[in-house]
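Chemist: Contents of target_28.txt (compact mmCIF, C-alpha atoms) are given next:
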```
# COMPACT_ATOMS: atom_id res chain seq x y z
CA MET A 22 -70.32 -152.32 -161.37
CA LYS A 23 -71.42 -148.75 -161.68
CA LYS A 24 -74.31 -148.09 -159.35
CA LEU A 25 -74.49 -144.38 -158.69
CA LEU A 26 -73.79 -141.53 -160.97
CA ILE A 27 -73.73 -137.88 -159.98
CA ILE A 28 -74.06 -135.23 -162.64
CA LEU A 29 -73.61 -131.56 -162.07
CA LEU A 30 -75.34 -129.58 -164.74
CA ILE A 31 -76.11 -125.96 -165.46
CA PRO A 32 -78.26 -124.00 -165.67
CA SER A 33 -81.52 -125.44 -164.45
CA PHE A 34 -84.82 -124.14 -165.85
CA SER A 35 -85.45 -122.31 -162.62
CA ALA A 36 -82.19 -120.39 -162.84
CA SER A 37 -83.04 -119.08 -166.28
CA ALA A 38 -86.69 -118.16 -165.76
CA GLN A 39 -85.83 -114.47 -165.62
CA GLU A 40 -84.73 -114.47 -169.27
CA LEU A 41 -88.20 -115.45 -170.54
CA PHE A 42 -88.95 -111.89 -171.56
CA PRO A 43 -92.61 -111.08 -172.31
CA LEU A 44 -91.84 -109.21 -175.55
CA SER A 45 -88.37 -110.29 -176.72
CA GLU A 46 -86.87 -113.68 -177.44
CA PRO A 47 -83.81 -114.79 -175.43
CA ALA A 48 -80.88 -116.55 -177.13
CA SER A 49 -81.80 -119.77 -175.32
CA THR A 50 -83.82 -122.32 -177.27
CA ILE A 51 -86.53 -124.72 -176.16
CA PRO A 52 -85.68 -128.38 -175.36
CA LYS A 53 -85.34 -130.80 -178.26
CA ASN A 54 -88.59 -132.47 -179.37
CA THR A 55 -90.63 -130.29 -177.02
CA LEU A 56 -93.85 -128.72 -178.25
CA GLY A 57 -95.02 -125.41 -176.84
CA ILE A 58 -98.16 -123.34 -177.23
CA ARG A 59 -98.32 -119.61 -176.64
CA VAL A 60 -101.34 -117.34 -176.91
CA PHE A 61 -100.58 -113.63 -176.82
CA SER A 62 -102.38 -110.45 -177.53
CA GLU A 63 -101.72 -106.72 -177.63
CA THR A 64 -104.41 -104.13 -177.06
CA TYR A 65 -104.60 -100.35 -177.12
CA LYS A 66 -107.33 -97.75 -177.12
CA GLU A 67 -107.91 -95.79 -180.33
CA VAL A 68 -110.48 -93.02 -180.04
CA ARG A 69 -113.57 -94.82 -178.73
CA GLN A 70 -112.62 -98.41 -179.47
CA TRP A 71 -110.02 -100.99 -178.51
CA ARG A 72 -107.67 -102.27 -181.18
CA ASN A 73 -106.50 -105.79 -180.60
CA GLU A 74 -103.99 -108.04 -182.33
CA SER A 75 -103.98 -111.64 -181.13
CA ALA A 76 -101.81 -114.62 -181.97
CA LEU A 77 -101.71 -118.37 -181.45
CA ARG A 78 -98.16 -119.71 -181.62
CA LEU A 79 -96.98 -123.30 -181.92
CA MET A 80 -93.35 -123.78 -180.88
CA TYR A 81 -91.15 -126.80 -181.46
CA GLY A 82 -87.64 -127.71 -180.39
CA ALA A 83 -86.44 -129.11 -183.71
CA GLY A 84 -82.95 -129.66 -182.26
CA ALA A 85 -81.05 -129.00 -179.08
CA ARG A 86 -80.03 -125.62 -180.52
CA PHE A 87 -82.82 -124.91 -183.00
CA SER A 88 -86.36 -123.77 -182.28
CA ILE A 89 -89.10 -123.04 -184.78
CA TYR A 90 -92.35 -121.11 -184.20
CA LEU A 91 -95.44 -120.89 -186.38
CA THR A 92 -97.94 -118.19 -185.42
CA ALA A 93 -101.48 -117.54 -186.67
CA LEU A 94 -102.44 -113.86 -186.51
CA ALA A 95 -105.77 -112.08 -186.19
CA SER A 96 -106.76 -108.47 -185.47
CA ASN A 97 -109.31 -105.68 -185.80
CA HIS A 98 -106.43 -103.36 -186.60
CA HIS A 99 -106.86 -102.66 -190.30
CA GLY A 100 -109.14 -103.62 -193.15
CA ASN A 101 -108.85 -105.13 -196.59
CA LYS A 102 -108.56 -101.77 -198.38
CA MET A 103 -106.38 -98.75 -197.76
CA PRO A 104 -108.17 -95.69 -196.35
CA GLU A 105 -109.88 -93.27 -198.67
CA GLU A 106 -107.48 -90.61 -200.03
CA PHE A 107 -104.44 -92.53 -198.78
CA PRO A 108 -101.72 -91.33 -198.43
CA PHE A 109 -102.69 -87.64 -198.41
CA HIS A 110 -105.35 -87.82 -195.69
CA ASN A 111 -106.38 -90.38 -193.11
CA THR A 112 -102.78 -91.45 -192.51
CA PRO A 113 -102.62 -92.83 -189.99
CA GLU A 114 -106.31 -93.49 -189.91
CA ARG A 115 -107.75 -93.25 -186.39
CA GLY A 116 -110.98 -94.51 -184.94
CA LYS A 117 -112.53 -96.30 -187.93
CA TYR A 118 -114.31 -99.54 -187.15
CA TYR A 119 -112.83 -102.71 -188.66
CA PRO A 120 -114.21 -106.17 -187.95
CA TYR A 121 -111.98 -108.77 -186.35
CA LYS A 122 -110.35 -110.93 -189.04
CA PHE A 123 -107.70 -113.56 -189.58
CA ASN A 124 -104.64 -111.93 -191.17
CA GLY A 125 -102.10 -114.67 -191.89
CA PHE A 126 -99.06 -116.47 -190.53
CA HIS A 127 -95.65 -115.71 -189.09
CA LEU A 128 -92.78 -118.21 -189.18
CA TYR A 129 -89.71 -117.82 -186.94
CA GLY A 130 -86.56 -119.92 -186.57
CA LYS A 131 -83.81 -119.42 -183.98
CA TYR A 132 -80.43 -121.15 -183.86
CA ARG A 133 -78.26 -120.89 -180.73
CA PHE A 134 -74.66 -120.92 -181.95
CA LEU A 135 -72.79 -119.95 -178.77
CA SER A 136 -73.24 -121.19 -175.20
CA LYS A 137 -70.86 -120.27 -172.40
CA ASP A 138 -72.49 -121.80 -169.37
CA GLY A 139 -71.49 -121.59 -165.72
CA GLN A 140 -73.19 -122.27 -162.43
CA ASN A 141 -76.28 -120.00 -162.29
CA ALA A 142 -74.79 -117.99 -165.14
CA HIS A 143 -74.60 -118.17 -168.90
CA PHE A 144 -73.77 -116.17 -171.99
CA ARG A 145 -75.53 -117.24 -175.16
CA MET A 146 -75.89 -116.00 -178.71
CA ALA A 147 -78.41 -116.96 -181.34
CA ALA A 148 -79.28 -116.02 -184.91
CA TYR A 149 -82.89 -115.81 -186.02
CA ALA A 150 -84.81 -115.53 -189.26
CA GLU A 151 -88.48 -114.73 -189.64
CA GLY A 152 -91.06 -114.36 -192.35
CA ALA A 153 -94.68 -113.25 -192.40
CA TYR A 154 -97.44 -113.67 -194.94
CA VAL A 155 -100.51 -111.61 -194.15
CA LYS A 156 -103.47 -110.32 -196.14
CA THR A 157 -104.23 -107.00 -194.54
CA THR A 158 -103.50 -103.35 -195.13
CA HIS A 159 -100.96 -101.40 -193.13
CA HIS A 160 -101.11 -97.62 -193.10
CA GLU A 161 -97.70 -96.63 -191.71
CA THR A 162 -94.23 -97.14 -193.13
CA GLU A 163 -92.99 -98.78 -189.91
CA PRO A 164 -93.08 -102.54 -190.58
CA ASP A 165 -93.91 -105.26 -188.06
CA LEU A 166 -93.74 -108.96 -188.90
CA GLU A 167 -94.34 -110.57 -185.51
CA MET A 168 -97.79 -109.09 -184.98
CA GLY A 169 -98.64 -109.40 -188.67
CA ASP A 170 -98.78 -105.79 -189.81
CA ASN A 171 -96.80 -106.63 -192.95
CA SER A 172 -95.68 -109.50 -195.12
CA GLY A 173 -91.92 -109.72 -195.39
CA ILE A 174 -88.78 -111.29 -194.05
CA GLY A 175 -86.32 -110.43 -191.32
CA PHE A 176 -83.26 -111.72 -189.54
CA GLY A 177 -80.96 -110.76 -186.71
CA LEU A 178 -78.86 -111.67 -183.69
CA ILE A 179 -79.73 -112.20 -180.04
CA THR A 180 -77.20 -111.99 -177.20
CA THR A 181 -78.32 -112.99 -173.71
CA GLY A 182 -76.39 -112.96 -170.45
CA LEU A 183 -77.63 -114.34 -167.15
CA LYS A 184 -76.04 -114.14 -163.73
CA ASN A 185 -77.80 -115.38 -160.61
CA ARG A 186 -81.13 -113.49 -160.44
CA PHE A 187 -80.44 -111.04 -163.25
CA ALA A 188 -80.71 -111.44 -167.03
CA VAL A 189 -80.04 -109.05 -169.88
CA SER A 190 -80.62 -109.55 -173.60
CA LEU A 191 -79.79 -107.50 -176.68
CA THR A 192 -81.52 -108.10 -180.00
CA THR A 193 -80.64 -106.41 -183.27
CA GLY A 194 -82.11 -107.25 -186.63
CA ILE A 195 -83.58 -106.00 -189.85
CA ILE A 196 -86.99 -106.23 -191.47
CA LEU A 197 -87.39 -106.29 -195.23
CA PRO A 198 -91.11 -105.73 -195.75
CA ALA A 199 -92.87 -106.92 -198.87
CA THR A 200 -94.52 -104.46 -201.22
CA TYR A 201 -98.27 -104.16 -200.78
CA LEU A 202 -100.50 -104.15 -203.83
CA GLY A 203 -104.12 -103.28 -203.21
CA GLU A 204 -106.83 -100.68 -203.53
CA SER A 205 -108.09 -97.52 -201.95
CA PRO A 206 -111.72 -96.34 -202.42
CA ASP A 207 -112.08 -93.37 -204.76
CA PRO A 208 -113.52 -90.33 -202.94
CA ILE A 209 -116.15 -90.17 -205.69
CA PRO A 210 -118.34 -93.21 -204.92
CA SER A 211 -119.32 -93.79 -208.54
CA LEU A 212 -115.70 -94.29 -209.61
CA PRO A 213 -113.81 -97.57 -209.24
CA ASP A 214 -111.25 -98.17 -206.49
CA ILE A 215 -107.78 -96.72 -207.03
CA PRO A 216 -105.04 -99.35 -207.53
CA ILE A 217 -102.28 -98.61 -205.05
CA ARG A 218 -98.77 -99.90 -204.33
CA VAL A 219 -97.01 -99.23 -201.03
CA THR A 220 -93.34 -99.99 -200.60
CA TYR A 221 -92.85 -99.89 -196.83
CA GLY A 222 -89.60 -98.80 -195.23
CA LYS A 223 -86.85 -101.27 -194.47
CA ALA A 224 -86.28 -101.25 -190.73
CA LEU A 225 -83.53 -101.83 -188.22
CA ILE A 226 -84.99 -103.28 -185.03
CA TYR A 227 -83.33 -103.25 -181.62
CA SER A 228 -84.21 -104.18 -178.08
CA LEU A 229 -82.49 -104.26 -174.71
CA SER A 230 -84.33 -106.34 -172.12
CA PHE A 231 -83.68 -106.77 -168.42
CA GLY A 232 -85.13 -109.49 -166.22
CA TYR A 233 -84.99 -110.08 -162.47
CA LEU A 234 -86.05 -113.20 -160.60
CA LEU A 235 -88.03 -111.90 -157.61
CA LEU A 236 -89.38 -115.19 -156.22
CA PRO A 237 -88.58 -117.77 -155.01
CA ARG A 238 -85.62 -116.62 -152.97
CA LYS A 239 -84.48 -120.26 -152.63
CA TYR A 240 -85.29 -123.14 -154.92
CA LYS A 241 -86.58 -126.34 -153.37
CA ASN A 242 -88.57 -128.05 -156.12
CA TYR A 243 -90.04 -127.52 -159.57
CA LYS A 244 -93.54 -126.89 -158.17
CA GLN A 245 -92.55 -123.53 -156.74
CA GLY A 246 -93.92 -120.51 -158.57
CA ASN A 247 -91.59 -118.00 -160.20
CA LEU A 248 -92.25 -114.29 -160.11
CA ASN A 249 -90.12 -112.28 -162.54
CA LEU A 250 -89.87 -108.56 -163.17
CA TYR A 251 -88.93 -107.17 -166.58
CA LEU A 252 -88.01 -103.89 -168.17
CA GLU A 253 -87.66 -103.88 -171.94
CA PHE A 254 -86.55 -101.11 -174.28
CA ARG A 255 -87.60 -101.86 -177.85
CA GLY A 256 -87.55 -99.78 -180.97
CA LYS A 257 -87.11 -99.44 -184.70
CA ALA A 258 -85.44 -97.13 -187.18
CA TYR A 259 -87.15 -97.25 -190.56
CA ASP A 260 -87.10 -95.71 -194.01
CA ALA A 261 -89.82 -93.66 -195.65
CA ALA A 262 -92.48 -95.45 -197.65
CA LYS A 263 -93.01 -95.06 -201.39
CA VAL A 264 -96.59 -94.89 -202.56
CA ASP A 265 -97.68 -95.35 -206.19
CA LEU A 266 -101.25 -94.51 -207.17
CA PHE A 267 -103.29 -95.72 -210.15
CA VAL A 268 -100.83 -98.58 -210.53
CA GLY A 269 -100.93 -100.08 -214.02
CA GLU A 270 -103.10 -97.29 -215.44
CA PRO A 271 -102.04 -94.51 -217.83
CA ASN A 272 -102.19 -91.89 -215.08
CA GLU A 273 -99.94 -93.88 -212.68
CA TYR A 274 -97.79 -91.65 -210.49
CA TYR A 275 -95.95 -91.79 -207.20
CA VAL A 276 -96.05 -89.35 -204.34
CA ILE A 277 -92.80 -87.54 -203.60
CA ASN A 278 -91.43 -87.99 -200.08
CA ALA A 279 -91.90 -84.36 -199.04
CA GLN A 280 -95.68 -84.69 -199.41
CA TYR A 281 -95.99 -87.71 -197.16
CA PRO A 282 -97.64 -87.41 -193.77
CA PRO A 283 -95.26 -88.14 -190.84
CA ALA A 284 -96.47 -91.76 -190.49
CA LEU A 285 -94.94 -92.52 -193.90
CA GLN A 286 -91.70 -90.62 -193.33
CA ARG A 287 -88.35 -91.99 -192.21
CA SER A 288 -88.13 -92.08 -188.40
CA TRP A 289 -87.06 -93.99 -185.30
CA PHE A 290 -88.24 -94.58 -181.75
CA VAL A 291 -87.59 -96.45 -178.52
CA ASP A 292 -90.45 -97.71 -176.35
CA VAL A 293 -90.21 -98.85 -172.75
CA SER A 294 -92.18 -101.84 -171.47
CA PRO A 295 -92.25 -102.81 -167.80
CA GLY A 296 -93.58 -106.34 -167.33
CA LEU A 297 -94.51 -108.91 -164.75
CA GLN A 298 -94.47 -112.70 -165.15
CA TYR A 299 -95.63 -115.63 -163.06
CA ILE A 300 -94.60 -119.21 -163.88
CA ILE A 301 -96.63 -122.00 -162.32
CA GLY A 302 -95.03 -125.42 -161.82
CA SER A 303 -91.95 -124.47 -163.89
CA ASN A 304 -94.07 -124.58 -167.04
CA LEU A 305 -97.29 -122.56 -167.28
CA ARG A 306 -96.11 -119.03 -167.92
CA ILE A 307 -98.37 -115.97 -167.66
CA ASP A 308 -96.93 -112.58 -168.50
CA PHE A 309 -98.23 -109.07 -168.71
CA SER A 310 -96.52 -105.90 -169.86
CA THR A 311 -97.42 -102.35 -170.77
CA THR A 312 -95.61 -100.34 -173.42
CA PHE A 313 -95.07 -96.60 -173.13
CA ARG A 314 -93.27 -94.15 -175.39
CA CYS A 315 -89.72 -93.34 -174.35
CA LEU A 316 -87.77 -91.69 -177.19
CA GLY A 317 -89.80 -90.73 -180.23
CA PHE A 318 -92.91 -92.82 -180.81
CA SER A 319 -94.52 -95.35 -183.09
CA TYR A 320 -97.28 -94.30 -185.46
CA ALA A 321 -98.47 -97.88 -185.79
CA ARG A 322 -99.83 -98.15 -182.20
CA LEU A 323 -101.31 -95.77 -179.65
CA TYR A 324 -99.86 -95.74 -176.14
CA PRO A 325 -100.12 -97.41 -173.72
CA VAL A 326 -100.12 -100.83 -175.38
CA TYR A 327 -101.14 -103.70 -173.10
CA THR A 328 -99.70 -107.14 -173.86
CA ILE A 329 -100.69 -110.42 -172.25
CA GLY A 330 -99.27 -113.88 -172.97
CA ILE A 331 -99.92 -117.41 -171.74
CA GLN A 332 -97.51 -120.19 -172.62
CA ARG A 333 -97.03 -123.86 -171.84
CA TYR A 334 -94.61 -126.59 -172.95
CA PHE A 335 -95.59 -130.20 -173.55
CA TYR A 336 -92.58 -132.39 -172.89
CA ARG A 337 -92.27 -135.72 -174.74
CA LYS A 338 -92.62 -138.55 -172.22
CA MET B 7 -86.83 -134.69 -168.33
CA GLU B 8 -84.48 -135.91 -171.06
CA LEU B 9 -82.29 -137.93 -168.64
CA ARG B 10 -85.23 -140.10 -167.58
CA LYS B 11 -85.79 -141.13 -171.21
CA ILE B 12 -82.39 -142.87 -171.38
CA PRO B 13 -83.01 -146.64 -171.35
CA PHE B 14 -80.41 -147.50 -168.69
CA VAL B 15 -81.45 -144.74 -166.26
CA ARG B 16 -83.60 -145.92 -163.32
CA ASP B 17 -84.08 -142.65 -161.48
CA VAL B 18 -83.00 -139.00 -161.42
CA LYS B 19 -82.99 -136.85 -158.31
CA MET B 20 -82.59 -133.13 -158.91
CA ASN B 21 -81.01 -130.76 -156.43
CA LEU B 22 -82.18 -127.32 -157.51
CA LYS B 23 -80.27 -125.49 -154.82
CA HIS B 24 -76.94 -126.72 -156.16
CA THR B 25 -78.14 -127.25 -159.76
CA ASN B 26 -77.04 -130.87 -159.87
CA ALA B 27 -78.66 -134.25 -160.33
CA GLN B 28 -78.07 -137.76 -159.05
CA VAL B 29 -78.70 -140.36 -161.72
CA TYR B 30 -79.20 -144.02 -160.81
CA PHE B 31 -78.67 -146.80 -163.33
CA LYS B 32 -80.73 -149.93 -163.81
CA GLN B 33 -79.01 -153.04 -162.44
CA GLY B 34 -77.42 -155.15 -165.17
CA SER B 35 -78.20 -152.74 -168.03
CA THR B 36 -75.75 -151.78 -170.77
CA ILE B 37 -74.49 -148.32 -170.04
CA ASP B 38 -73.55 -145.80 -172.70
CA LEU B 39 -72.14 -142.77 -170.88
CA LYS B 40 -72.17 -140.47 -173.91
CA GLN B 41 -75.98 -140.47 -173.85
CA LEU B 42 -75.86 -138.45 -170.63
CA PRO B 43 -74.31 -135.20 -171.92
CA ARG B 44 -76.39 -135.56 -175.10
CA ALA B 45 -79.60 -135.66 -173.05
CA VAL B 46 -78.53 -132.67 -170.97
CA LYS B 47 -77.76 -130.66 -174.11
CA ASP B 48 -81.03 -131.67 -175.76
CA ALA B 49 -82.81 -130.15 -172.78
CA GLY B 50 -81.02 -126.86 -173.46
CA PHE B 51 -78.55 -127.15 -170.58
CA SER B 52 -74.82 -127.83 -170.29
CA MET B 53 -72.94 -130.38 -168.26
CA ARG B 54 -70.46 -128.87 -165.83
CA TYR B 55 -68.92 -132.16 -164.79
CA LEU B 56 -69.78 -135.78 -164.24
CA ASP B 57 -68.82 -137.82 -161.20
CA VAL B 58 -69.26 -141.59 -161.25
CA SER B 59 -69.27 -143.94 -158.30
CA PHE B 60 -67.63 -147.30 -159.14
CA ASN B 61 -67.98 -150.48 -157.15
CA PHE B 62 -64.77 -152.51 -157.74
CA THR B 63 -66.10 -155.72 -156.19
CA ASN B 64 -66.37 -157.39 -159.56
CA ILE B 65 -63.90 -155.24 -161.51
CA ARG B 66 -60.17 -156.03 -161.67
CA PRO B 67 -58.43 -152.81 -162.64
CA THR B 68 -54.77 -152.59 -163.55
CA ALA B 69 -52.83 -149.63 -162.23
CA ASN B 70 -53.69 -147.66 -165.37
CA CYS B 71 -57.08 -148.77 -166.59
CA PHE B 72 -59.98 -151.21 -166.65
CA GLN B 73 -62.67 -152.28 -169.06
CA LEU B 74 -66.37 -152.30 -168.24
CA GLN B 75 -68.92 -153.59 -170.72
CA HIS B 76 -67.86 -151.88 -173.99
CA THR B 77 -66.03 -148.99 -172.39
CA ALA B 78 -62.36 -148.50 -171.41
CA PHE B 79 -61.58 -146.29 -168.42
CA TYR B 80 -58.08 -144.89 -167.92
CA PHE B 81 -56.87 -143.50 -164.59
CA LEU B 82 -55.22 -140.07 -164.81
CA THR B 83 -53.12 -141.03 -161.76
CA PRO B 84 -52.26 -144.73 -161.25
CA LEU B 85 -54.59 -146.61 -158.95
CA PRO B 86 -52.81 -147.98 -155.84
CA LYS B 87 -52.86 -151.75 -155.35
CA THR B 88 -54.84 -151.34 -152.17
CA HIS B 89 -57.83 -149.17 -152.88
CA LYS B 90 -61.34 -148.76 -151.58
CA GLU B 91 -64.10 -151.00 -152.89
CA ILE B 92 -66.26 -148.02 -153.84
CA MET B 93 -64.56 -145.01 -155.31
CA VAL B 94 -65.82 -141.82 -156.96
CA PHE B 95 -64.13 -140.41 -160.05
CA GLN B 96 -64.72 -137.44 -162.27
CA VAL B 97 -65.13 -138.56 -165.87
CA ILE B 98 -62.88 -136.68 -168.28
CA GLY B 99 -64.06 -136.82 -171.86
CA LYS B 100 -65.40 -134.62 -174.63
CA GLY B 101 -68.89 -133.41 -173.74
CA PHE B 102 -68.51 -134.18 -170.04
CA LEU B 103 -67.04 -130.85 -169.10
CA PRO B 104 -66.47 -127.51 -170.84
CA ARG B 105 -63.96 -127.79 -173.73
CA LYS B 106 -61.61 -125.31 -172.06
CA GLU B 107 -61.51 -127.53 -168.95
CA PHE B 108 -61.08 -130.69 -171.00
CA LEU B 109 -57.99 -129.32 -172.76
CA LYS B 110 -56.24 -128.94 -169.40
CA TYR B 111 -55.97 -132.71 -169.05
CA ASP B 112 -53.34 -134.94 -170.59
CA THR B 113 -55.57 -137.66 -172.02
CA LYS B 114 -53.03 -140.11 -173.49
CA LYS B 115 -53.95 -143.77 -173.14
CA THR B 116 -51.33 -145.60 -171.11
CA GLY B 117 -52.71 -149.10 -170.67
CA ALA B 118 -53.86 -152.24 -172.41
CA CYS B 119 -57.60 -151.80 -172.01
CA HIS B 120 -59.94 -151.76 -175.00
CA GLY B 121 -63.43 -150.44 -175.59
CA ARG B 122 -65.64 -148.80 -178.16
CA GLU B 123 -65.50 -145.69 -175.99
CA SER B 124 -62.62 -144.46 -173.83
CA TYR B 125 -62.82 -142.12 -170.86
CA PHE B 126 -60.37 -140.85 -168.29
CA LEU B 127 -60.96 -140.89 -164.56
CA LYS B 128 -59.82 -138.34 -162.03
CA GLU B 129 -60.13 -139.47 -158.43
CA ILE B 130 -62.04 -137.09 -156.20
CA ASN B 131 -61.92 -137.02 -152.42
CA LYS B 132 -65.14 -138.71 -151.51
CA SER B 133 -66.45 -142.24 -151.40
```
Would you put the structure from the file into structure tokens?

Modeler:
Amino acid sequence: MKKLLIILLIPSFSASAQELFPLSEPASTIPKNTLGIRVFSETYKEVRQWRNESALRLMYGAGARFSIYLTALASNHHGNKMPEEFPFHNTPERGKYYPYKFNGFHLYGKYRFLSKDGQNAHFRMAAYAEGAYVKTTHHETEPDLEMGDNSGIGFGLITTGLKNRFAVSLTTGIILPATYLGESPDPIPSLPDIPIRVTYGKALIYSLSFGYLLLPRKYKNYKQGNLNLYLEFRGKAYDAAKVDLFVGEPNEYYVINAQYPPALQRSWFVDVSPGLQYIIGSNLRIDFSTTFRCLGFSYARLYPVYTIGIQRYFYRK
Amino acid sequence: MELRKIPFVRDVKMNLKHTNAQVYFKQGSTIDLKQLPRAVKDAGFSMRYLDVSFNFTNIRPTANCFQLQHTAFYFLTPLPKTHKEIMVFQVIGKGFLPRKEFLKYDTKKTGACHGRESYFLKEINKS
């Protein structure tokens, strides 16, 4: 008769808390059949007002190795029409008031295809694919799907290593933004809006994230709080945009690259984001990070960018 | 916790310091060992190894193997005729330890025991 069974397993949730990066996804996936909710928001000051992009994310462990996220996106970042005289002037547009509005959805799937696990250590790799459908304008060529700047698709690879209190993760991927078709007000108020088409630049995205488990020094139970420190380097390299004006009309033309303002030109940058995270009861996660320019800079945000996130899992009983 | 959802599991005690768990079975229940690594993997973890404590009071093993419920267990080293009543073995089988570790073992069946599932047992020095 078997009466006692001892299992040694790795890693525990507590050992991997330091890979729950505030801004980047680790290669690890969420437990099968587990539902998670995350609310996150990024904010920065632009002239005399605060721009804010907020998101509500539902997460589900569709399999032991496959997680899927659906995110609803809202912001006061941009409006329904391109700025007046886009792209020659007002690019990027700064300081104009836009009301807060719902922009659309972002869908993300991650499959962990490699797991080399040891005691308090692991090496994991995952592939991800994402897609966004948003109805908002975006004034810079740099695309962003996660915060809902653009519609489009993307995919990439995540590699995460963890050893004792330290975690490091590398993400590389591409974004293929969708073409935007919309309107820009004619500078002469009596004339109709100008039909406009913007083909945003394809982008290579990359991030290198470091995490360190500060507290607790020794694990005793799951009720102990976790305090984690993070440092993330994130960036993009993107192509120039192509802008067509008076689309579908006899006088349709496109603007040659040399005449674009810098925000629509090919470029690259790396930002740095120190972050702090507290996890209550091994589940309720609160994280905060601030993003600064490091090499080059993004035209799509103004620095510093403050990001806050709150996340919780609901385990199936 | 995924392990607690397994029908034949009565209790799970986690040891976070050593990242291990003690799992207790319900008395008289049908035990399906392969559900254990599956539950651990579903939770996003991996199983390093599995040790099982057997009480041989009501089991009559041969030198090479024994059958329990629907499972056949084969000893990697023959069991002596005089053995302890309660013995602890490491279970050797796919999913119960990393694949690289599993391949180190010679898992050829050398006995007349039958079961829907077959596992190999490596004696460890504790009771």

Chemist: Rounded to one decimal in Å, what is the spacing between CA of Ile331 (chain A) and CA of Ala76 (chain A)?

Modeler: 10.8 Å

Chemist: Tell me as a list in words which residues belonging to chain B come within 7 Å of chain A, counting only C-alpha atoms.

Modeler: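 Every residue of chain B that passes the 7 Å test is in Leu22, Lys23, Thr25, Asn26, Ala27, Gln28, Val29, Tyr30, Phe31, Lys47, Asp48, Ala49, Gly50, Phe51, Ser52, Met53, Arg54, Tyr55, Leu56, Asp57, Val58, Ser59, Phe60, Asn61, Phe62 and Asn64 of chain B.
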
Chemist: Can you write out the residues you just picked, keeping C-alpha atoms, as a PDB file, in the frame of the given file?

Modeler:
```pdb
ATOM      1  CA  LEU B  22     -82.180-127.320-157.510  1.00  0.00           C
ATOM      2  CA  LYS B  23     -80.270-125.490-154.820  1.00  0.00           C
ATOM      3  CA  THR B  25     -78.140-127.250-159.760  1.00  0.00           C
ATOM      4  CA  ASN B  26     -77.040-130.870-159.870  1.00  0.00           C
ATOM      5  CA  ALA B  27     -78.660-134.250-160.330  1.00  0.00           C
ATOM      6  CA  GLN B  28     -78.070-137.760-159.050  1.00  0.00           C
ATOM      7  CA  VAL B  29     -78.700-140.360-161.720  1.00  0.00           C
ATOM      8  CA  TYR B  30     -79.200-144.020-160.810  1.00  0.00           C
ATOM      9  CA  PHE B  31     -78.670-146.800-163.330  1.00  0.00           C
ATOM     10  CA  LYS B  47     -77.760-130.660-174.110  1.00  0.00           C
ATOM     11  CA  ASP B  48     -81.030-131.670-175.760  1.00  0.00           C
ATOM     12  CA  ALA B  49     -82.810-130.150-172.780  1.00  0.00           C
ATOM     13  CA  GLY B  50     -81.020-126.860-173.460  1.00  0.00           C
ATOM     14  CA  PHE B  51     -78.550-127.150-170.580  1.00  0.00           C
ATOM     15  CA  SER B  52     -74.820-127.830-170.290  1.00  0.00           C
ATOM     16  CA  MET B  53     -72.940-130.380-168.260  1.00  0.00           C
ATOM     17  CA  ARG B  54     -70.460-128.870-165.830  1.00  0.00           C
ATOM     18  CA  TYR B  55     -68.920-132.160-164.790  1.00  0.00           C
ATOM     19  CA  LEU B  56     -69.780-135.780-164.240  1.00  0.00           C
ATOM     20  CA  ASP B  57     -68.820-137.820-161.200  1.00  0.00           C
ATOM     21  CA  VAL B  58     -69.260-141.590-161.250  1.00  0.00           C
ATOM     22  CA  SER B  59     -69.270-143.940-158.300  1.00  0.00           C
ATOM     23  CA  PHE B  60     -67.630-147.300-159.140  1.00  0.00           C
ATOM     24  CA  ASN B  61     -67.980-150.480-157.150  1.00  0.00           C
ATOM     25  CA  PHE B  62     -64.770-152.510-157.740  1.00  0.00           C
ATOM     26  CA  ASN B  64     -66.370-157.390-159.560  1.00  0.00           C
TER      27      ASN B  64
END
```

Chemist: Taking the point (-87.9, -117.9, -156.4) as given in the file, collect each protein or nucleic acid residue that comes within 9 Å of it, counting all atoms listed in the file, and present the set as number ranges by chain.

Modeler: A: 35-36, 234-240, 245-249

Chemist: Identify, on the basis of only C-alpha atoms, every residue whose closest approach to Lys66 (chain A) does not exceed 8 Å; exclude the query and any residue fewer than 5 positions from it along the same chain; express the result as JSON, numbers by chain.

Modeler: {"A": [71, 72, 323, 324, 325]}

Chemist: Keeping only C-alpha atoms, take the residues you just selected and write them out as a PDB file, in the frame of the given file.

Modeler:
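Everything below was put into out_33.pdb:
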```pdb
ATOM      1  CA  TRP A  71    -110.020-100.990-178.510  1.00  0.00           C
ATOM      2  CA  ARG A  72    -107.670-102.270-181.180  1.00  0.00           C
ATOM      3  CA  LEU A 323    -101.310 -95.770-179.650  1.00  0.00           C
ATOM      4  CA  TYR A 324     -99.860 -95.740-176.140  1.00  0.00           C
ATOM      5  CA  PRO A 325    -100.120 -97.410-173.720  1.00  0.00           C
TER       6      PRO A 325
END
```

Chemist: One decimal, in Å: what's the spacing between CA of Ser310 (chain A) and CA of Leu191 (chain A)?

Modeler: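 About the pair CA of Ser310 (chain A) and CA of Leu191 (chain A): they are 18.1 Å apart.
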
Chemist: Quick one: residues within 9 Å of Leu316 (chain A), only C-alpha atoms counted, chain neighbours fewer than 5 positions away excluded, as a ChimeraX atom specification?

Modeler: /A:256,289-293

Chemist: Calculated over all atoms listed in the file, which of the candidates A:Gly317, A:Gly182, A:Gly330, A:Pro283 has the smallest distance to Asn111 (chain A)?

Modeler: A:Pro283
